[in-house]
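**Q** Structure: data-v6.cif, mmCIF, C-alpha atoms, pLDDT in the B column; chains and numbers go by the auth columns.
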```cif
data_work
#
loop_
_atom_site.group_PDB
_atom_site.id
_atom_site.type_symbol
_atom_site.label_atom_id
_atom_site.label_comp_id
_atom_site.label_asym_id
_atom_site.label_seq_id
_atom_site.Cartn_x
_atom_site.Cartn_y
_atom_site.Cartn_z
_atom_site.B_iso_or_equiv
_atom_site.auth_seq_id
_atom_site.auth_asym_id
ATOM 1 C CA MET A 1 -39.196 33.047 -44.794 51.00 12 C
ATOM 2 C CA THR A 2 -39.749 29.941 -42.669 55.00 13 C
ATOM 3 C CA ASP A 3 -41.321 26.825 -44.008 57.00 14 C
ATOM 4 C CA PRO A 4 -44.532 26.071 -42.098 57.00 15 C
ATOM 5 C CA ALA A 5 -43.898 22.312 -42.585 57.00 16 C
ATOM 6 C CA ILE A 6 -40.764 22.460 -40.349 56.00 17 C
ATOM 7 C CA PRO A 7 -41.745 23.262 -36.770 57.00 18 C
ATOM 8 C CA SER A 8 -39.434 25.681 -35.000 59.00 19 C
ATOM 9 C CA ALA A 9 -37.796 24.388 -31.806 59.00 20 C
ATOM 10 C CA THR A 10 -39.413 25.761 -28.719 74.00 21 C
ATOM 11 C CA PRO A 11 -37.243 26.744 -25.733 72.00 22 C
ATOM 12 C CA LYS A 12 -38.471 23.669 -23.817 74.00 23 C
ATOM 13 C CA ARG A 13 -37.539 21.363 -26.681 76.00 24 C
ATOM 14 C CA ARG A 14 -34.079 22.952 -27.016 75.00 25 C
ATOM 15 C CA TRP A 15 -33.481 22.376 -23.295 73.00 26 C
ATOM 16 C CA LEU A 16 -34.475 18.697 -23.603 75.00 27 C
ATOM 17 C CA MET A 17 -32.100 18.271 -26.534 78.00 28 C
ATOM 18 C CA ALA A 18 -29.217 19.814 -24.549 77.00 29 C
ATOM 19 C CA LEU A 19 -29.956 17.920 -21.313 78.00 30 C
ATOM 20 C CA PRO A 20 -27.888 14.777 -22.127 81.00 31 C
ATOM 21 C CA LEU A 21 -24.883 16.952 -22.976 82.00 32 C
ATOM 22 C CA VAL A 22 -25.226 18.950 -19.726 80.00 33 C
ATOM 23 C CA VAL A 23 -25.550 15.738 -17.641 82.00 34 C
ATOM 24 C CA PHE A 24 -22.531 14.189 -19.361 82.00 35 C
ATOM 25 C CA ALA A 25 -20.415 17.318 -18.775 81.00 36 C
ATOM 26 C CA ALA A 26 -21.431 17.427 -15.086 78.00 37 C
ATOM 27 C CA LEU A 27 -20.532 13.754 -14.581 80.00 38 C
ATOM 28 C CA ALA A 28 -17.239 14.178 -16.419 77.00 39 C
ATOM 29 C CA LEU A 29 -16.283 17.076 -14.139 76.00 40 C
ATOM 30 C CA LEU A 30 -17.288 15.122 -11.057 74.00 41 C
ATOM 31 C CA PHE A 31 -15.156 12.127 -12.069 71.00 42 C
ATOM 32 C CA TRP A 32 -12.265 14.381 -13.025 72.00 43 C
ATOM 33 C CA PHE A 33 -12.106 16.027 -9.615 70.00 44 C
ATOM 34 C CA ARG A 34 -12.833 12.909 -7.542 65.00 45 C
ATOM 35 C CA LEU A 35 -10.630 10.469 -9.441 62.00 46 C
ATOM 36 C CA GLY A 36 -7.970 12.976 -10.390 57.00 47 C
ATOM 37 C CA ASP A 37 -6.434 12.812 -6.902 51.00 48 C
ATOM 38 C CA SER A 38 -3.123 11.066 -7.548 51.00 49 C
ATOM 39 C CA ASP A 39 -2.337 10.371 -3.884 49.00 50 C
ATOM 40 C CA ILE A 40 -3.165 6.670 -3.715 47.00 51 C
ATOM 41 C CA SER A 41 -1.787 6.473 -0.190 48.00 52 C
ATOM 42 C CA ARG A 42 -4.979 8.188 0.997 53.00 53 C
ATOM 43 C CA ILE A 43 -7.024 5.011 0.502 58.00 54 C
ATOM 44 C CA PRO A 44 -8.579 4.417 3.929 62.00 55 C
ATOM 45 C CA SER A 45 -8.014 1.221 5.878 67.00 56 C
ATOM 46 C CA ALA A 46 -10.597 -0.309 8.186 74.00 57 C
ATOM 47 C CA LEU A 47 -7.754 -2.017 10.065 82.00 58 C
ATOM 48 C CA ILE A 48 -6.244 1.123 11.627 88.00 59 C
ATOM 49 C CA GLY A 49 -6.524 0.764 15.393 88.00 60 C
ATOM 50 C CA ARG A 50 -7.322 -2.938 15.165 93.00 61 C
ATOM 51 C CA ALA A 51 -5.113 -5.909 15.982 93.00 62 C
ATOM 52 C CA ALA A 52 -2.722 -7.028 13.274 94.00 63 C
ATOM 53 C CA PRO A 53 -3.773 -10.339 11.709 95.00 64 C
ATOM 54 C CA THR A 54 -2.537 -13.358 13.646 92.00 65 C
ATOM 55 C CA THR A 55 -1.676 -15.307 10.527 90.00 66 C
ATOM 56 C CA THR A 56 1.328 -17.605 10.691 96.00 67 C
ATOM 57 C CA LEU A 57 3.540 -17.427 7.596 98.00 68 C
ATOM 58 C CA PRO A 58 6.483 -19.755 6.915 98.00 69 C
ATOM 59 C CA PRO A 59 9.974 -18.318 6.526 98.00 70 C
ATOM 60 C CA LEU A 60 11.562 -17.754 3.140 97.00 71 C
ATOM 61 C CA SER A 61 13.552 -20.972 2.717 96.00 72 C
ATOM 62 C CA ASP A 62 17.343 -20.705 2.828 95.00 73 C
ATOM 63 C CA LEU A 63 17.281 -16.991 3.731 96.00 74 C
ATOM 64 C CA MET A 64 20.065 -16.323 6.223 94.00 75 C
ATOM 65 C CA ALA A 65 21.143 -13.311 8.276 92.00 76 C
ATOM 66 C CA ASP A 66 24.280 -13.346 10.424 90.00 77 C
ATOM 67 C CA GLY A 67 24.627 -17.093 9.851 92.00 78 C
ATOM 68 C CA LYS A 68 21.129 -17.883 11.148 95.00 79 C
ATOM 69 C CA PRO A 69 17.880 -18.571 9.291 96.00 80 C
ATOM 70 C CA VAL A 70 15.537 -15.575 9.101 97.00 81 C
ATOM 71 C CA PRO A 71 12.316 -16.572 10.891 97.00 82 C
ATOM 72 C CA GLY A 72 8.799 -16.505 9.460 97.00 83 C
ATOM 73 C CA ILE A 73 5.840 -14.653 10.951 97.00 84 C
ATOM 74 C CA ASP A 74 3.822 -15.955 13.891 94.00 85 C
ATOM 75 C CA PRO A 75 1.339 -14.235 16.222 88.00 86 C
ATOM 76 C CA ALA A 76 4.101 -13.414 18.741 92.00 87 C
ATOM 77 C CA THR A 77 6.106 -11.499 16.110 94.00 88 C
ATOM 78 C CA PHE A 78 4.477 -8.162 16.961 93.00 89 C
ATOM 79 C CA VAL A 79 4.226 -8.429 20.744 91.00 90 C
ATOM 80 C CA GLY A 80 6.114 -5.652 22.550 94.00 91 C
ATOM 81 C CA LYS A 81 7.797 -4.223 19.434 94.00 92 C
ATOM 82 C CA VAL A 82 7.027 -1.381 17.076 97.00 93 C
ATOM 83 C CA SER A 83 7.167 -2.950 13.638 97.00 94 C
ATOM 84 C CA ILE A 84 7.260 -1.863 10.026 97.00 95 C
ATOM 85 C CA VAL A 85 5.511 -4.477 7.883 98.00 96 C
ATOM 86 C CA ASN A 86 6.311 -4.241 4.184 98.00 97 C
ATOM 87 C CA VAL A 87 4.410 -6.339 1.629 98.00 98 C
ATOM 88 C CA TRP A 88 6.693 -6.867 -1.354 98.00 99 C
ATOM 89 C CA ALA A 89 7.554 -9.126 -4.298 98.00 100 C
ATOM 90 C CA SER A 90 10.497 -9.500 -6.646 98.00 101 C
ATOM 91 C CA TRP A 91 8.205 -9.030 -9.672 98.00 102 C
ATOM 92 C CA CYS A 92 6.879 -5.707 -8.319 97.00 103 C
ATOM 93 C CA VAL A 93 8.502 -2.779 -10.161 97.00 104 C
ATOM 94 C CA PRO A 94 7.921 -0.182 -7.382 97.00 105 C
ATOM 95 C CA CYS A 95 9.406 -2.673 -4.887 97.00 106 C
ATOM 96 C CA HIS A 96 12.706 -2.420 -6.770 97.00 107 C
ATOM 97 C CA SER A 97 12.575 1.370 -6.455 96.00 108 C
ATOM 98 C CA GLU A 98 11.840 1.329 -2.722 97.00 109 C
ATOM 99 C CA ALA A 99 14.263 -1.486 -1.770 97.00 110 C
ATOM 100 C CA PRO A 100 17.403 0.680 -1.295 97.00 111 C
ATOM 101 C CA LEU A 101 15.400 3.186 0.793 96.00 112 C
ATOM 102 C CA LEU A 102 13.915 0.403 2.896 96.00 113 C
ATOM 103 C CA THR A 103 17.369 -1.095 3.468 95.00 114 C
ATOM 104 C CA GLU A 104 18.660 2.279 4.652 95.00 115 C
ATOM 105 C CA PHE A 105 15.516 2.888 6.735 94.00 116 C
ATOM 106 C CA ALA A 106 15.974 -0.508 8.438 95.00 117 C
ATOM 107 C CA LYS A 107 19.097 0.776 10.190 95.00 118 C
ATOM 108 C CA ASP A 108 16.739 2.233 12.821 94.00 119 C
ATOM 109 C CA GLN A 109 17.254 -0.374 15.547 94.00 120 C
ATOM 110 C CA ARG A 110 14.274 0.862 17.576 96.00 121 C
ATOM 111 C CA VAL A 111 11.935 -0.750 15.071 97.00 122 C
ATOM 112 C CA GLN A 112 11.507 -4.335 13.866 97.00 123 C
ATOM 113 C CA PHE A 113 11.256 -4.733 10.083 97.00 124 C
ATOM 114 C CA VAL A 114 8.920 -7.480 8.890 98.00 125 C
ATOM 115 C CA GLY A 115 8.539 -8.525 5.268 98.00 126 C
ATOM 116 C CA ILE A 116 5.597 -10.327 3.727 98.00 127 C
ATOM 117 C CA ASN A 117 6.744 -11.833 0.435 98.00 128 C
ATOM 118 C CA TYR A 118 3.650 -11.786 -1.760 98.00 129 C
ATOM 119 C CA LYS A 119 2.977 -14.471 -4.414 97.00 130 C
ATOM 120 C CA ASP A 120 6.643 -14.868 -5.285 97.00 131 C
ATOM 121 C CA ALA A 121 9.009 -17.680 -6.239 97.00 132 C
ATOM 122 C CA PRO A 122 11.472 -18.336 -3.378 97.00 133 C
ATOM 123 C CA ASP A 123 14.538 -18.184 -5.663 97.00 134 C
ATOM 124 C CA ASN A 124 13.429 -14.835 -7.077 98.00 135 C
ATOM 125 C CA ALA A 125 12.726 -13.447 -3.609 98.00 136 C
ATOM 126 C CA ARG A 126 16.173 -14.486 -2.306 97.00 137 C
ATOM 127 C CA ARG A 127 17.827 -13.046 -5.432 97.00 138 C
ATOM 128 C CA PHE A 128 15.914 -9.764 -4.894 98.00 139 C
ATOM 129 C CA LEU A 129 17.115 -9.531 -1.275 97.00 140 C
ATOM 130 C CA GLY A 130 20.641 -10.485 -2.341 96.00 141 C
ATOM 131 C CA ARG A 131 20.658 -7.680 -4.888 97.00 142 C
ATOM 132 C CA TYR A 132 19.383 -4.887 -2.611 96.00 143 C
ATOM 133 C CA GLY A 133 20.211 -6.225 0.845 95.00 144 C
ATOM 134 C CA ASN A 134 17.819 -7.741 3.345 97.00 145 C
ATOM 135 C CA PRO A 135 16.227 -5.066 5.542 97.00 146 C
ATOM 136 C CA PHE A 136 13.957 -7.574 7.307 97.00 147 C
ATOM 137 C CA ASP A 137 14.331 -9.148 10.742 97.00 148 C
ATOM 138 C CA VAL A 138 11.440 -11.486 9.881 97.00 149 C
ATOM 139 C CA VAL A 139 10.182 -12.631 6.440 98.00 150 C
ATOM 140 C CA GLY A 140 6.948 -14.535 5.957 98.00 151 C
ATOM 141 C CA VAL A 141 6.015 -16.116 2.644 98.00 152 C
ATOM 142 C CA ASP A 142 2.457 -15.482 1.452 98.00 153 C
ATOM 143 C CA SER A 143 2.555 -17.705 -1.625 96.00 154 C
ATOM 144 C CA HIS A 144 -1.213 -17.667 -2.251 95.00 155 C
ATOM 145 C CA GLY A 145 -1.992 -14.105 -1.113 95.00 156 C
ATOM 146 C CA ARG A 146 -4.468 -15.119 1.607 95.00 157 C
ATOM 147 C CA ALA A 147 -2.565 -13.460 4.468 95.00 158 C
ATOM 148 C CA SER A 148 -2.265 -10.238 2.482 95.00 159 C
ATOM 149 C CA ILE A 149 -6.040 -10.184 2.115 94.00 160 C
ATOM 150 C CA GLU A 150 -6.303 -10.390 5.918 94.00 161 C
ATOM 151 C CA TRP A 151 -3.969 -7.376 6.117 95.00 162 C
ATOM 152 C CA GLY A 152 -6.254 -5.491 3.709 92.00 163 C
ATOM 153 C CA VAL A 153 -3.607 -5.249 0.999 94.00 164 C
ATOM 154 C CA TYR A 154 -4.771 -3.739 -2.308 88.00 165 C
ATOM 155 C CA GLY A 155 -1.509 -4.479 -4.131 91.00 166 C
ATOM 156 C CA VAL A 156 2.229 -4.404 -3.635 96.00 167 C
ATOM 157 C CA PRO A 157 4.018 -2.588 -2.211 97.00 168 C
ATOM 158 C CA GLU A 158 2.173 -1.613 0.945 96.00 169 C
ATOM 159 C CA THR A 159 3.649 -0.759 4.318 97.00 170 C
ATOM 160 C CA PHE A 160 2.163 -0.804 7.799 96.00 171 C
ATOM 161 C CA VAL A 161 3.260 0.580 11.154 97.00 172 C
ATOM 162 C CA VAL A 162 2.289 -1.832 13.937 96.00 173 C
ATOM 163 C CA ALA A 163 2.341 -0.544 17.532 96.00 174 C
ATOM 164 C CA ARG A 164 3.817 -2.439 20.501 94.00 175 C
ATOM 165 C CA ASP A 165 0.383 -3.671 21.503 94.00 176 C
ATOM 166 C CA GLY A 166 0.003 -5.360 18.108 94.00 177 C
ATOM 167 C CA THR A 167 -2.478 -2.881 16.632 95.00 178 C
ATOM 168 C CA ILE A 168 -2.093 -1.403 13.172 95.00 179 C
ATOM 169 C CA ALA A 169 -1.258 2.270 13.622 95.00 180 C
ATOM 170 C CA TYR A 170 -0.785 3.345 10.002 95.00 181 C
ATOM 171 C CA LYS A 171 -0.985 2.042 6.426 95.00 182 C
ATOM 172 C CA LEU A 172 0.929 3.392 3.427 95.00 183 C
ATOM 173 C CA VAL A 173 -0.364 2.308 0.029 93.00 184 C
ATOM 174 C CA GLY A 174 2.277 2.398 -2.683 93.00 185 C
ATOM 175 C CA GLU A 175 6.021 2.593 -2.694 94.00 186 C
ATOM 176 C CA ILE A 176 8.168 4.058 0.040 96.00 187 C
ATOM 177 C CA THR A 177 9.881 7.272 -1.086 96.00 188 C
ATOM 178 C CA SER A 178 12.327 9.555 0.682 95.00 189 C
ATOM 179 C CA GLN A 179 9.491 12.098 0.907 95.00 190 C
ATOM 180 C CA ASN A 180 6.974 9.816 2.614 94.00 191 C
ATOM 181 C CA ILE A 181 9.630 8.360 4.935 95.00 192 C
ATOM 182 C CA GLU A 182 10.266 11.852 6.319 95.00 193 C
ATOM 183 C CA ALA A 183 6.742 13.246 6.096 94.00 194 C
ATOM 184 C CA VAL A 184 4.714 10.201 7.152 93.00 195 C
ATOM 185 C CA LEU A 185 6.512 7.049 8.261 95.00 196 C
ATOM 186 C CA LYS A 186 9.008 8.572 10.703 96.00 197 C
ATOM 187 C CA PRO A 187 6.319 10.637 12.488 96.00 198 C
ATOM 188 C CA GLU A 188 4.039 7.576 12.685 95.00 199 C
ATOM 189 C CA ILE A 189 6.893 5.487 14.096 96.00 200 C
ATOM 190 C CA GLU A 190 7.671 8.181 16.681 96.00 201 C
ATOM 191 C CA LYS A 191 3.997 8.232 17.725 95.00 202 C
ATOM 192 C CA ALA A 192 3.994 4.445 18.082 94.00 203 C
ATOM 193 C CA LEU A 193 7.242 4.489 20.078 94.00 204 C
ATOM 194 C CA LYS A 194 5.952 7.177 22.455 93.00 205 C
ATOM 195 C CA ALA A 195 2.584 5.456 22.881 87.00 206 C
ATOM 196 C CA GLY A 196 4.197 2.242 23.998 65.00 207 C
ATOM 197 C CA SER A 197 6.726 3.643 26.465 62.00 208 C
#
```
Once more with this new file: its structure as structure tokens, please.
**A**
Amino acid sequence: MTDPAIPSATPKRRWLMALPLVVFAALALLFWFRLGDSDISRIPSALIGRAAPTTTLPPLSDLMADGKPVPGIDPATFVGKVSIVNVWASWCVPCHSEAPLLTEFAKDQRVQFVGINYKDAPDNARRFLGRYGNPFDVVGVDSHGRASIEWGVYGVPETFVVARDGTIAYKLVGEITSQNIEAVLKPEIEKALKAGS
């Protein structure tokens, strides 16, 4: 027998009691599917198709290649050349993983390799390049991170393909891997080379 002092839950009242749980479950599923995508390289860039920043960056002091100082970055760096721009730092763990691949990749003489050393100590940066080899034709030092903001960098490492006309053709967020070199970077470089010839 039911106690008349305890009102029984009506269907409408049961629905109202369950509503917060249903809303929470729906939001949890939405976040799971939208944020569960592990491909961080798919972050869009507003700079694709626009001119590369014209920031001047000083060279990494005492960095030599073939007995000559490696130059810094100036606005003329990208004129008439397809370039790979890699934003890196010695303290960046994924940068250590990608360094041997980048050094091997830099053997492609059709492309200029440009490094932006991000918020790093010069001694550490030179030691890093001494350990893995210097893949860069040009290295600019971004000691305060302002130039990287102009490039739209979210964090290190990031890599850009810059076309001969100085426009940004592609942006890769995250470390370079053998998979994305073959699947993404090489095809983007080929497109940039064909577009400029």
**Q** Return as a list of chain:residue names the set of residues that the PyMOL selection byres ((chain C and resi 165-176) around 7) yields on the displayed structure.
**A**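 For this structure, the PyMOL selection byres ((chain C and resi 165-176) around 7) resolves to C:Phe89, C:Val90, C:Gly91, C:Lys92, C:Val93, C:Ser94, C:Ile95, C:Val96, C:Asn97, C:Val98, C:Trp99, C:Cys103, C:Pro105, C:Cys106, C:Gly163, C:Val164, C:Gly177, C:Thr178, C:Ile179, C:Ala180, C:Tyr181, C:Lys182, C:Leu183, C:Val184, C:Gly185, C:Glu186, C:Ile200, C:Ala203, C:Gly207.
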**Q** Could you jot down the CA of Ile127 (chain C) to CA of Gly83 (chain C) separation for me, Å, one decimal place?
**A**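 Straight-line distance from CA of Ile127 (chain C) to CA of Gly83 (chain C) works out to 9.0 Å.
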**Q** For the provided coordinates, the residues matched by the PyMOL selection byres ((chain C and resi 76) around 12) should be stated as a VMD selection string.
**A** chain C and resid 71 73 to 75 77 to 82 137 140 to 141 144 to 150
**Q** Report the distance between CA of Ala158 (chain C) and CA of Ala63 (chain C) in Å, rounded to one decimal place.
**A**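 Going from CA of Ala158 (chain C) over to CA of Ala63 (chain C), I get 10.9 Å.
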**Q** Would you work out the distance separating CA of Ile84 (chain C) from CA of Phe124 (chain C), expressed in Å to one decimal?
**A** 11.3 Å
**Q** Enumerate, as a list of chain:residue names, the residues matched when the PyMOL selection byres ((chain C and resi 131) around 9) is run on the file above.
**A**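 For this structure, the PyMOL selection byres ((chain C and resi 131) around 9) resolves to C:Trp99, C:Ala100, C:Ser101, C:Trp102, C:Asn128, C:Tyr129, C:Lys130, C:Ala132, C:Pro133, C:Asp134, C:Asn135, C:Ala136, C:Val152, C:Asp153, C:Ser154, C:His155.
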**Q** Closest to Thr88 (chain C) among C:Ala29, C:Val125, C:Val104, C:Ala57, using all atoms listed in the file?
**A**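 Between C:Ala29, C:Val125, C:Val104, C:Ala57, the residue approaching Thr88 (chain C) most closely is C:Val125.
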**Q** For each of C:Ser72, C:Lys205, C:Gln123, C:Phe139, take the minimum atom-to-atom distance to His107 (chain C), counting only C-alpha atoms, then give the residue where this is smallest.
**A**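 Of the candidates, the smallest distance to His107 (chain C) is held by C:Phe139.
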**Q** Taking all atoms listed in the file into account, which of C:Pro22, C:Val122, C:Ala39, C:Pro31 comes nearest Glu199 (chain C)?
**A** C:Val122
**Q** Rank C:Ile59, C:Ile160, C:Ala117, C:Leu112 by their smallest atom-to-atom distance to Asn191 (chain C), using all atoms listed in the file, and report the top residue only.
**A**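 Smallest separation from Asn191 (chain C) among the options: C:Leu112.
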